[in-house]
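Colleague: So that you have it, the file is upload-v4.txt, and it contains compact mmCIF, C-alpha atoms:
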# COMPACT_ATOMS: atom_id res chain seq x y z
CA MET A 544 0.00 0.00 0.00
CA GLU A 545 1.47 3.36 -0.99
CA LEU A 546 1.14 5.87 1.83
CA ARG A 547 0.33 9.49 1.01
CA PHE A 548 1.71 12.35 3.09
CA PHE A 549 -1.48 13.02 5.11
CA GLN A 550 -1.72 9.28 5.88
CA ILE A 551 1.44 9.63 7.96
CA ILE A 552 0.78 13.06 9.48
CA VAL A 553 -2.86 12.59 10.57
CA PRO A 554 -2.27 9.28 12.44
CA LEU A 555 0.73 10.84 14.20
CA ILE A 556 -1.37 13.84 15.27
CA ALA A 557 -4.17 11.46 16.34
CA LEU A 558 -1.75 9.35 18.38
CA TYR A 559 -0.43 12.49 20.05
CA PHE A 560 -3.95 13.57 21.06
CA ILE A 561 -4.91 10.04 22.23
CA ALA A 562 -1.81 9.95 24.44
CA ASN A 563 -2.58 13.47 25.64
CA LEU A 564 -6.16 12.50 26.60
CA ILE A 565 -4.95 9.42 28.51
CA PHE A 566 -2.29 11.52 30.23
CA ASN A 567 -4.87 14.17 31.25
CA PHE A 568 -7.24 11.47 32.52
CA ARG A 569 -4.48 9.91 34.63
CA LYS A 570 -3.75 13.34 36.08
CA SER A 571 -7.52 13.65 36.86
CA GLN A 572 -7.81 16.74 34.67
CA ILE A 573 -10.61 15.19 32.60
CA THR A 574 -13.31 12.60 33.36
CA ILE A 575 -13.42 9.09 31.95
CA ALA A 576 -16.36 10.13 29.74
CA GLU A 577 -14.36 13.00 28.23
CA MET A 578 -11.41 10.69 27.64
CA ILE A 579 -13.54 8.00 25.97
CA ILE A 580 -15.45 10.41 23.71
CA GLY A 581 -12.25 12.28 22.79
CA ASN A 582 -10.47 9.02 22.00
CA ILE A 583 -13.38 7.74 19.89
CA PHE A 584 -12.98 10.82 17.71
CA TRP A 585 -9.20 10.50 17.33
CA VAL A 586 -9.28 6.74 16.69
CA ALA A 587 -11.91 7.41 14.01
CA ALA A 588 -9.68 10.12 12.51
CA LEU A 589 -6.71 7.73 12.56
CA ILE A 590 -8.63 4.93 10.82
CA PHE A 591 -10.08 7.39 8.32
CA ALA A 592 -6.61 8.70 7.48
CA LEU A 593 -5.22 5.20 6.97
CA PHE A 594 -8.05 4.02 4.72
CA PRO A 595 -9.44 7.21 3.19
CA ASP A 596 -10.46 5.76 -0.18
CA HIS A 597 -12.22 2.74 1.26
CA ILE A 598 -14.06 4.77 3.92
CA SER A 599 -14.93 7.66 1.62
CA THR A 600 -16.40 5.14 -0.84
CA LYS A 601 -18.50 3.72 1.99
CA ILE A 602 -19.55 7.23 3.03
CA ALA A 603 -20.28 8.05 -0.60
CA LEU A 604 -22.66 5.10 -0.70
CA VAL A 605 -24.50 6.44 2.33
CA PHE A 606 -24.39 10.20 1.69
CA GLY A 607 -23.67 10.36 -2.04
CA ILE A 608 -20.26 12.08 -1.76
CA GLU A 609 -16.68 10.99 -2.32
CA SER A 610 -13.03 12.01 -3.04
CA ASN A 611 -10.21 12.91 -0.69
CA VAL A 612 -11.12 16.59 -0.74
CA ASN A 613 -14.39 15.62 0.83
CA ALA A 614 -12.46 13.54 3.34
CA ILE A 615 -10.57 16.67 4.41
CA ILE A 616 -13.81 18.60 4.71
CA PHE A 617 -15.21 15.81 6.87
CA PHE A 618 -12.08 15.89 8.99
CA CYS A 619 -12.45 19.65 9.51
CA ILE A 620 -16.10 19.30 10.43
CA GLY A 621 -15.04 16.62 12.89
CA LEU A 622 -12.49 19.01 14.38
CA LEU A 623 -15.20 21.64 14.82
CA PHE A 624 -17.41 19.10 16.56
CA LEU A 625 -14.57 18.12 18.86
CA ASN A 626 -13.94 21.75 19.68
CA GLN A 627 -17.63 22.23 20.42
CA PHE A 628 -17.54 19.18 22.66
CA LYS A 629 -14.51 20.52 24.55
CA MET A 630 -16.23 23.89 24.98
CA TYR A 631 -19.33 22.17 26.36
CA PHE A 632 -17.33 20.33 29.02
CA LEU A 633 -15.36 23.46 29.84
CA ILE A 634 -18.56 25.48 30.38
CA ARG A 635 -20.07 22.66 32.45
CA LYS A 636 -16.96 22.60 34.64
CA GLN A 637 -17.10 26.38 35.07
CA GLU A 638 -20.81 26.21 35.96
CA LYS A 639 -20.10 23.56 38.59
CA SER A 640 -17.30 25.67 40.07
CA LEU A 641 -19.62 28.65 40.17
CA THR A 642 -22.24 26.64 42.07
CA ILE A 643 -19.70 25.35 44.58
CA LEU A 644 -18.41 28.87 45.16
CA THR A 645 -21.93 30.32 45.52
CA ARG A 646 -22.99 27.61 47.98
CA LYS A 647 -19.83 27.92 50.10
CA LEU A 648 -20.20 31.69 50.27
CA ALA A 649 -23.87 31.36 51.25
CA LEU A 650 -23.10 28.99 54.13
CA LYS A 651 -20.07 31.02 55.24
CA ASN A 652 -22.11 34.23 55.32
CA TYR A 653 -24.92 32.45 57.16
CA SER A 654 -22.63 31.02 59.85
CA GLU A 655 -20.84 34.38 60.28
CA GLU A 656 -24.13 36.25 60.62
CA GLY A 657 -25.36 33.60 63.06
CA ASN A 658 -22.23 33.94 65.19
CA SER A 659 -22.19 37.75 65.17
CA MET B 625 -43.74 10.82 67.55
CA ILE B 626 -41.06 13.29 66.48
CA GLY B 627 -41.65 16.65 68.15
CA LYS B 628 -42.35 19.75 66.08
CA SER B 629 -39.34 21.45 67.66
CA GLU B 630 -37.11 18.77 66.12
CA ILE B 631 -38.26 19.52 62.57
CA ASN B 632 -36.29 22.02 60.50
CA ILE B 633 -38.11 23.19 57.42
CA PHE B 634 -36.02 24.32 54.44
CA ILE B 635 -37.64 26.25 51.60
CA PRO B 636 -35.52 26.77 48.48
CA ALA B 637 -36.85 29.93 46.83
CA TYR B 638 -36.17 31.88 43.67
CA ASN B 639 -38.22 35.02 43.00
CA GLU B 640 -41.10 33.95 45.26
CA ALA B 641 -41.83 37.32 46.89
CA ALA B 642 -45.54 36.90 46.14
CA THR B 643 -45.92 33.75 48.24
CA ILE B 644 -42.96 33.22 50.57
CA ALA B 645 -44.27 35.22 53.55
CA GLN B 646 -47.63 33.44 53.46
CA VAL B 647 -45.97 30.02 53.17
CA ILE B 648 -43.79 30.77 56.22
CA GLN B 649 -46.76 32.10 58.18
CA ASP B 650 -48.86 29.00 57.36
CA ILE B 651 -46.10 26.65 58.48
CA ARG B 652 -45.54 28.61 61.66
CA SER B 653 -49.23 28.59 62.52
CA LEU B 654 -49.02 24.78 62.64
CA GLY B 655 -46.38 24.96 65.34
CA TYR B 656 -43.21 24.48 63.29
CA GLN B 657 -40.85 27.25 64.32
CA LYS B 658 -37.53 26.36 62.70
CA ILE B 659 -37.90 27.63 59.17
CA PHE B 660 -34.99 28.25 56.79
CA VAL B 661 -35.27 29.91 53.39
CA VAL B 662 -32.51 29.26 50.86
CA ASP B 663 -32.79 32.33 48.65
CA ASP B 664 -31.35 31.22 45.32
CA GLY B 665 -30.21 34.63 44.10
CA SER B 666 -33.68 36.16 43.84
CA THR B 667 -33.91 39.52 42.10
CA ASP B 668 -37.26 40.43 43.66
CA GLN B 669 -38.21 40.98 47.31
CA THR B 670 -38.06 37.28 48.32
CA ASN B 671 -35.17 37.84 50.71
CA ALA B 672 -36.80 40.86 52.36
CA GLN B 673 -40.17 39.10 52.65
CA ALA B 674 -38.60 36.01 54.22
CA THR B 675 -36.57 38.16 56.62
CA HIS B 676 -39.72 40.05 57.57
CA ALA B 677 -41.45 36.72 58.22
CA GLU B 678 -38.58 35.92 60.62
CA ALA B 679 -37.22 32.90 58.79
CA GLU B 680 -33.52 32.03 58.85
CA ILE B 681 -32.09 33.13 55.50
CA ILE B 682 -29.26 31.51 53.57
CA THR B 683 -28.52 33.55 50.49
CA HIS B 684 -27.01 32.45 47.20
CA LEU B 685 -25.48 35.59 45.71
CA ILE B 686 -26.44 34.42 42.21
CA ASN B 687 -29.09 32.04 40.91
CA ARG B 688 -27.78 28.47 40.63
CA GLY B 689 -30.95 26.39 40.35
CA ALA B 690 -33.34 24.47 42.60
CA GLY B 691 -30.93 21.55 42.91
CA ALA B 692 -28.11 23.82 44.07
CA ALA B 693 -30.39 25.45 46.65
CA THR B 694 -31.39 22.00 47.94
CA GLN B 695 -27.73 21.00 48.17
CA THR B 696 -27.13 24.11 50.27
CA ALA B 697 -30.06 23.18 52.53
CA ILE B 698 -28.73 19.66 53.09
CA GLU B 699 -25.18 20.93 53.63
CA CYS B 700 -26.48 23.44 56.17
CA ALA B 701 -28.27 20.61 57.99
CA ARG B 702 -25.02 18.65 58.08
CA GLN B 703 -23.09 21.61 59.49
CA LEU B 704 -25.72 22.39 62.13
CA ASN B 705 -26.06 18.68 63.00
CA LEU B 706 -29.82 18.77 62.47
CA GLN B 707 -31.68 15.49 63.05
CA TYR B 708 -34.67 16.00 60.75
CA ILE B 709 -35.16 18.31 57.82
CA LEU B 710 -38.18 18.86 55.62
CA LEU B 711 -37.93 20.37 52.15
CA MET B 712 -40.89 22.14 50.58
CA ASP B 713 -41.59 24.43 47.64
CA ALA B 714 -41.94 28.17 48.09
CA ASP B 715 -44.76 28.74 45.61
CA GLY B 716 -47.52 27.66 47.99
CA GLN B 717 -48.46 24.51 46.07
CA HIS B 718 -48.05 22.26 49.14
CA LEU B 719 -50.66 22.16 51.87
CA PRO B 720 -48.79 22.94 55.10
CA GLN B 721 -51.01 20.39 56.90
CA ASP B 722 -49.31 17.66 54.86
CA ILE B 723 -46.10 18.27 56.80
CA ASP B 724 -47.73 16.38 59.69
CA LYS B 725 -48.26 13.35 57.42
CA LEU B 726 -44.58 13.21 56.54
CA VAL B 727 -43.55 13.66 60.17
CA LYS B 728 -45.95 10.91 61.26
CA ARG B 729 -44.53 8.52 58.64
CA MET B 730 -40.94 9.34 59.61
CA SER B 731 -41.85 8.83 63.30
CA LYS B 732 -42.47 5.13 62.62
CA GLY B 733 -38.68 4.90 62.43
CA ASP B 734 -38.50 2.49 59.51
CA CYS B 735 -37.51 4.93 56.77
CA ASP B 736 -34.90 7.61 56.09
CA LEU B 737 -36.55 9.63 53.33
CA VAL B 738 -40.27 10.36 53.08
CA ILE B 739 -41.72 11.76 49.86
CA GLY B 740 -45.09 13.48 49.69
CA SER B 741 -46.75 11.93 46.65
CA ARG B 742 -49.41 13.77 44.65
CA PHE B 743 -50.35 10.59 42.81
CA LEU B 744 -51.29 8.29 45.70
CA ASN B 745 -54.58 10.18 45.90
CA ASN B 746 -56.69 11.32 42.97
CA VAL B 747 -54.94 14.33 41.48
CA GLN B 748 -57.20 17.27 40.85
CA GLY B 749 -56.43 20.42 38.89
CA MET B 750 -53.11 19.27 37.45
CA PRO B 751 -52.78 20.41 33.81
CA LEU B 752 -52.37 17.69 31.21
CA SER B 753 -48.88 18.86 30.16
CA ARG B 754 -47.70 18.59 33.75
CA LYS B 755 -49.29 15.18 34.16
CA TRP B 756 -47.38 14.04 31.06
CA PHE B 757 -44.19 15.51 32.36
CA ASN B 758 -44.60 13.75 35.71
CA HIS B 759 -45.43 10.42 34.07
CA ILE B 760 -42.32 10.60 31.88
CA ALA B 761 -40.13 11.70 34.80
CA ASN B 762 -41.52 8.88 36.97
CA TRP B 763 -41.00 6.34 34.22
CA LEU B 764 -37.38 7.45 33.73
CA THR B 765 -36.68 7.50 37.45
CA ASN B 766 -38.23 4.08 37.98
CA LEU B 767 -36.20 2.79 35.05
CA VAL B 768 -32.94 3.45 36.88
CA CYS B 769 -34.21 2.75 40.40
CA GLN B 770 -34.81 -0.62 42.03
CA LYS B 771 -38.25 0.21 43.45
CA HIS B 772 -41.30 1.92 42.03
CA TYR B 773 -42.11 5.52 42.98
CA THR B 774 -45.37 7.30 42.23
CA ASP B 775 -44.07 10.87 42.44
CA SER B 776 -40.38 11.28 41.71
CA GLN B 777 -40.70 15.06 41.21
CA SER B 778 -42.40 16.03 44.45
CA GLY B 779 -40.74 18.91 46.27
CA LEU B 780 -42.19 17.89 49.64
CA ARG B 781 -39.66 15.59 51.29
CA MET B 782 -38.44 14.75 54.76
CA LEU B 783 -34.96 13.46 55.55
CA ASN B 784 -33.53 12.06 58.75
CA ARG B 785 -29.93 12.48 59.88
CA LYS B 786 -28.79 9.34 58.06
CA ALA B 787 -30.19 10.67 54.77
CA VAL B 788 -28.66 14.10 55.38
CA GLU B 789 -25.26 12.44 55.89
CA ARG B 790 -25.49 10.18 52.85
CA LEU B 791 -27.11 12.36 50.20
CA HIS B 792 -24.53 14.32 48.26
CA LEU B 793 -26.41 15.71 45.26
CA LYS B 794 -24.63 16.90 42.14
CA LEU B 795 -27.32 18.27 39.82
CA ASP B 796 -28.03 21.99 40.05
CA GLU B 797 -31.35 22.01 38.21
CA PHE B 798 -34.62 20.13 38.66
CA GLY B 799 -33.02 16.76 37.96
CA PHE B 800 -32.10 16.71 41.67
CA CYS B 801 -35.55 15.28 42.57
CA SER B 802 -34.85 12.04 40.71
CA GLU B 803 -31.19 12.15 41.63
CA MET B 804 -32.05 12.21 45.32
CA ILE B 805 -34.13 9.03 44.99
CA TYR B 806 -31.44 7.34 42.94
CA LEU B 807 -28.69 8.28 45.42
CA ALA B 808 -30.86 7.27 48.38
CA GLU B 809 -31.18 3.77 46.92
CA GLN B 810 -27.45 3.67 46.20
CA GLY B 811 -26.80 4.71 49.80
CA ASN B 812 -29.10 1.95 51.17
CA LEU B 813 -31.59 4.47 52.54
CA ILE B 814 -35.20 3.40 52.96
CA ILE B 815 -37.70 5.54 51.06
CA ALA B 816 -41.39 5.86 51.88
CA GLU B 817 -44.21 7.76 50.19
CA VAL B 818 -47.27 9.34 51.77
CA PRO B 819 -50.26 10.80 49.91
CA THR B 820 -50.36 14.59 49.85
CA GLU B 821 -52.49 17.27 48.24
CA THR B 822 -51.37 19.99 45.86
CA VAL B 823 -52.87 23.41 45.35
CA TYR B 824 -52.62 24.51 41.73
CA THR B 825 -52.95 28.23 41.24
CA PRO B 826 -52.11 30.26 38.11
CA TYR B 827 -49.04 31.43 40.05
CA SER B 828 -47.77 27.96 40.98
CA LEU B 829 -48.45 26.69 37.46
CA ASN B 830 -46.11 29.32 36.06
CA LYS B 831 -43.42 28.08 38.40
CA GLY B 832 -41.73 24.72 38.69
CA GLN B 833 -41.38 22.25 35.89
CA ASN B 834 -42.92 21.98 32.45
CA PHE B 835 -42.62 19.53 29.59
CA PHE B 836 -39.50 21.12 28.04
CA LYS B 837 -37.76 21.53 31.37
CA GLY B 838 -38.69 17.88 31.91
CA ILE B 839 -36.77 16.80 28.83
CA GLN B 840 -33.76 18.78 30.07
CA THR B 841 -34.18 17.15 33.50
CA ALA B 842 -34.30 13.69 31.97
CA LEU B 843 -31.16 14.33 29.92
CA SER B 844 -29.30 15.60 33.01
CA LEU B 845 -30.26 12.51 34.96
CA ILE B 846 -29.29 10.11 32.18
CA SER B 847 -25.99 11.95 31.71
CA LYS B 848 -25.36 11.75 35.45
CA ILE B 849 -25.99 8.00 35.50
CA ILE B 850 -23.89 7.29 32.40
CA PHE B 851 -20.96 9.59 33.25
CA ARG B 852 -20.93 9.21 37.04
If you took the structure in this file and wrote it as structure tokens, what would it be?
Modeller:
Amino acid sequence: MELRFFQIIVPLIALYFIANLIFNFRKSQITIAEMIIGNIFWVAALIFALFPDHISTKIALVFGIESNVNAIIFFCIGLLFLNQFKMYFLIRKQEKSLTILTRKLALKNYSEEGNS
Amino acid sequence: MIGKSEINIFIPAYNEAATIAQVIQDIRSLGYQKIFVVDDGSTDQTNAQATHAEAEIITHLINRGAGAATQTAIECARQLNLQYILLMDADGQHLPQDIDKLVKRMSKGDCDLVIGSRFLNNVQGMPLSRKWFNHIANWLTNLVCQKHYTDSQSGLRMLNRKAVERLHLKLDEFGFCSEMIYLAEQGNLIIAEVPTETVYTPYSLNKGQNFFKGIQTALSLISKIIFR
């Protein structure tokens, strides 16, 4: 099988991000759900990069599109989705922090007022 | 029988200035004196009205949701080492007389969490959309729970010390009602239900849950169970 340039680069990038996700999970910076969903995306990207013609033909059968240019467009859309996903988890984390802070302040103020 | 002086009533409230004072007054007239209002960042006169009605006030500086306010109530009970707490809505939809039913059931000593169920009696005046919402929410809750519950979304609940210690809620929004039942089962707490009445007024119908909030609630709960 003759490898094209992007078939080397994309799997390497995917492997980097997979390792990064596992590393972040082990450091408890992300949840297991975030790690699994993130890894599903990058494994899919890796497989897609290795077998672009075969997969794009399959996709073409389903959606009526094909060619490697389309594959790149799909990849970019995937990246946007991943970014959206990361933003969602980031906002959720911030919301949770905000709730914890609000609740702690409420109880602190209550106990201080009660003691004064 | 648990004495009225042992019961601590917590009312999570967000923009309930129209009803909060009356709710406090009604509870007090039944002999329950320890009343706490968790003001969830209200922008109206809720805080002032509750203060005027001489309730203890715990104030969230910003609005974080009914679940967050309930978490604060339970955390407060833990810190103050309270033995029994009762949670009720601030919109006046619960009959204060039903508090006695929950206390009586808890006094039997064989349960840790008592839920006031609107569906053990014939429900009157509940709009169809809300009935649908409650049926779906009950179905979803019962799907993930071991036992069957008739009213998973009731805001009228009583917890003993064991429940207060074991229930660490995570959901900030309305999903906390189902979450509490789910966590209670996980924490080997015994749950009982007693029939209660609900007063539906145009005001109370504008508050609380609706079908679309229900879908959001269901998604939160499912997400919580999958990604816990």
Colleague: Quick one: which residues from chain B are at most 7 Å off chain A, using all atoms listed in the file, as a list in words?
Modeller: Ile682, Thr683, His684, Leu685, Ile686, Arg688, Ala692, Thr696, Cys700 and Phe851 of chain B
Colleague: Can you write just those residues out, C-alpha atoms, as a PDB file, in the frame of the given file?
Modeller:
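Generated file (selection_11.pdb):
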ATOM      1  CA  ILE B 682     -29.260  31.510  53.570  1.00  0.00           C
ATOM      2  CA  THR B 683     -28.520  33.550  50.490  1.00  0.00           C
ATOM      3  CA  HIS B 684     -27.010  32.450  47.200  1.00  0.00           C
ATOM      4  CA  LEU B 685     -25.480  35.590  45.710  1.00  0.00           C
ATOM      5  CA  ILE B 686     -26.440  34.420  42.210  1.00  0.00           C
ATOM      6  CA  ARG B 688     -27.780  28.470  40.630  1.00  0.00           C
ATOM      7  CA  ALA B 692     -28.110  23.820  44.070  1.00  0.00           C
ATOM      8  CA  THR B 696     -27.130  24.110  50.270  1.00  0.00           C
ATOM      9  CA  CYS B 700     -26.480  23.440  56.170  1.00  0.00           C
ATOM     10  CA  PHE B 851     -20.960   9.590  33.250  1.00  0.00           C
TER      11      PHE B 851
END
Colleague: If I take CA of Gly665 (chain B) and CA of Thr643 (chain B), how far is one from the other in Å, to one decimal?
Modeller: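 Those two atoms sit 16.3 Å apart.
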Colleague: Can you tell me how far CA of Ser653 (chain B) sits from CA of Ile815 (chain B), in Å to one decimal?
Modeller: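 Interatomic distance, CA of Ser653 (chain B) to CA of Ile815 (chain B): 28.2 Å.
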Colleague: Determine, counting only C-alpha atoms, which protein, DNA and RNA residues have an atom within 10 Å of an atom of Cys735 (chain B); residues of the same chain fewer than 5 positions away are not included. Present the result as a list in words.
Modeller: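 The residues satisfying every condition are Arg729, Met730, Leu783, Asn784, Lys786, Ala787, Leu813, Ile814, Ile815, Ala816 and Glu817 of chain B.
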Colleague: Interatomic distance between CA of Ile760 (chain B) and CA of Val823 (chain B)?
Modeller: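 Separation between CA of Ile760 (chain B) and CA of Val823 (chain B): 21.4 Å.
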Colleague: Got a sec: who's within 8 Å of region 548-550 of chain A, counting only C-alpha atoms, leaving out chain neighbours fewer than 4 positions off, as a VMD selection string?
Modeller: chain A and resid 554 592 to 593
Colleague: May I have the protein, DNA and RNA residues with any atom at most 9 Å from the point (-54.1, 20.6, 37.4), counting all atoms listed in the file, written as an mmCIF file with C-alpha atoms, keeping the file's coordinate frame?
Modeller:
data_model
loop_
_atom_site.group_PDB
_atom_site.id
_atom_site.type_symbol
_atom_site.label_atom_id
_atom_site.label_comp_id
_atom_site.auth_asym_id
_atom_site.auth_seq_id
_atom_site.Cartn_x
_atom_site.Cartn_y
_atom_site.Cartn_z
ATOM 1 C CA VAL B 747 -54.940 14.330 41.480
ATOM 2 C CA GLN B 748 -57.200 17.270 40.850
ATOM 3 C CA GLY B 749 -56.430 20.420 38.890
ATOM 4 C CA MET B 750 -53.110 19.270 37.450
ATOM 5 C CA PRO B 751 -52.780 20.410 33.810
ATOM 6 C CA LEU B 752 -52.370 17.690 31.210
ATOM 7 C CA ARG B 754 -47.700 18.590 33.750
ATOM 8 C CA LYS B 755 -49.290 15.180 34.160
ATOM 9 C CA THR B 822 -51.370 19.990 45.860
ATOM 10 C CA VAL B 823 -52.870 23.410 45.350
ATOM 11 C CA TYR B 824 -52.620 24.510 41.730
ATOM 12 C CA THR B 825 -52.950 28.230 41.240
ATOM 13 C CA LEU B 829 -48.450 26.690 37.460
#
Colleague: Identify, on the basis of all atoms listed in the file, every residue whose closest approach to Gly740 (chain B) does not exceed 7 Å; exclude the query and any residue fewer than 6 positions from it along the same chain; express the result as a list in words.
Modeller: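 Using all atoms listed in the file, the neighbours found are Leu726, Ser778, Leu780, Arg781, Glu817, Val818, Pro819 and Thr820 of chain B.
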Colleague: Just C-alpha atoms for this one: save the residues we selected as a short mmCIF file (atom, residue, chain, number, x, y, z; two decimals), in the frame of the given file.
Modeller:
data_model
loop_
_atom_site.label_atom_id
_atom_site.label_comp_id
_atom_site.auth_asym_id
_atom_site.auth_seq_id
_atom_site.Cartn_x
_atom_site.Cartn_y
_atom_site.Cartn_z
CA LEU B 726 -44.58 13.21 56.54
CA SER B 778 -42.40 16.03 44.45
CA LEU B 780 -42.19 17.89 49.64
CA ARG B 781 -39.66 15.59 51.29
CA GLU B 817 -44.21 7.76 50.19
CA VAL B 818 -47.27 9.34 51.77
CA PRO B 819 -50.26 10.80 49.91
CA THR B 820 -50.36 14.59 49.85
#
Colleague: Which residues are close to Ile659 (chain B), i.e. within 10 Å by all atoms listed in the file, leaving aside same-chain residues fewer than 6 positions away? Reply as a ChimeraX atom specification.
Modeller: /B:631-635,648-649,651-652,674,677-681,709-710
Colleague: Considering only C-alpha atoms, return as a list in words whatever protein or nucleic-acid residues lie within 9 Å of Glu809 (chain B), sequence-local ones (same chain, fewer than 6 positions apart) excluded.
Modeller: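 Once the adjacent positions are removed, what remains is Cys769, Gln770, Lys771 and Ile815 of chain B.
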Colleague: Quick one: of B:Ala645, B:Val661, B:Leu711, B:Ile698, who's nearest to Met782 (chain B), counting only C-alpha atoms?
Modeller: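 For Met782 (chain B), the nearest of the candidates is B:Leu711.
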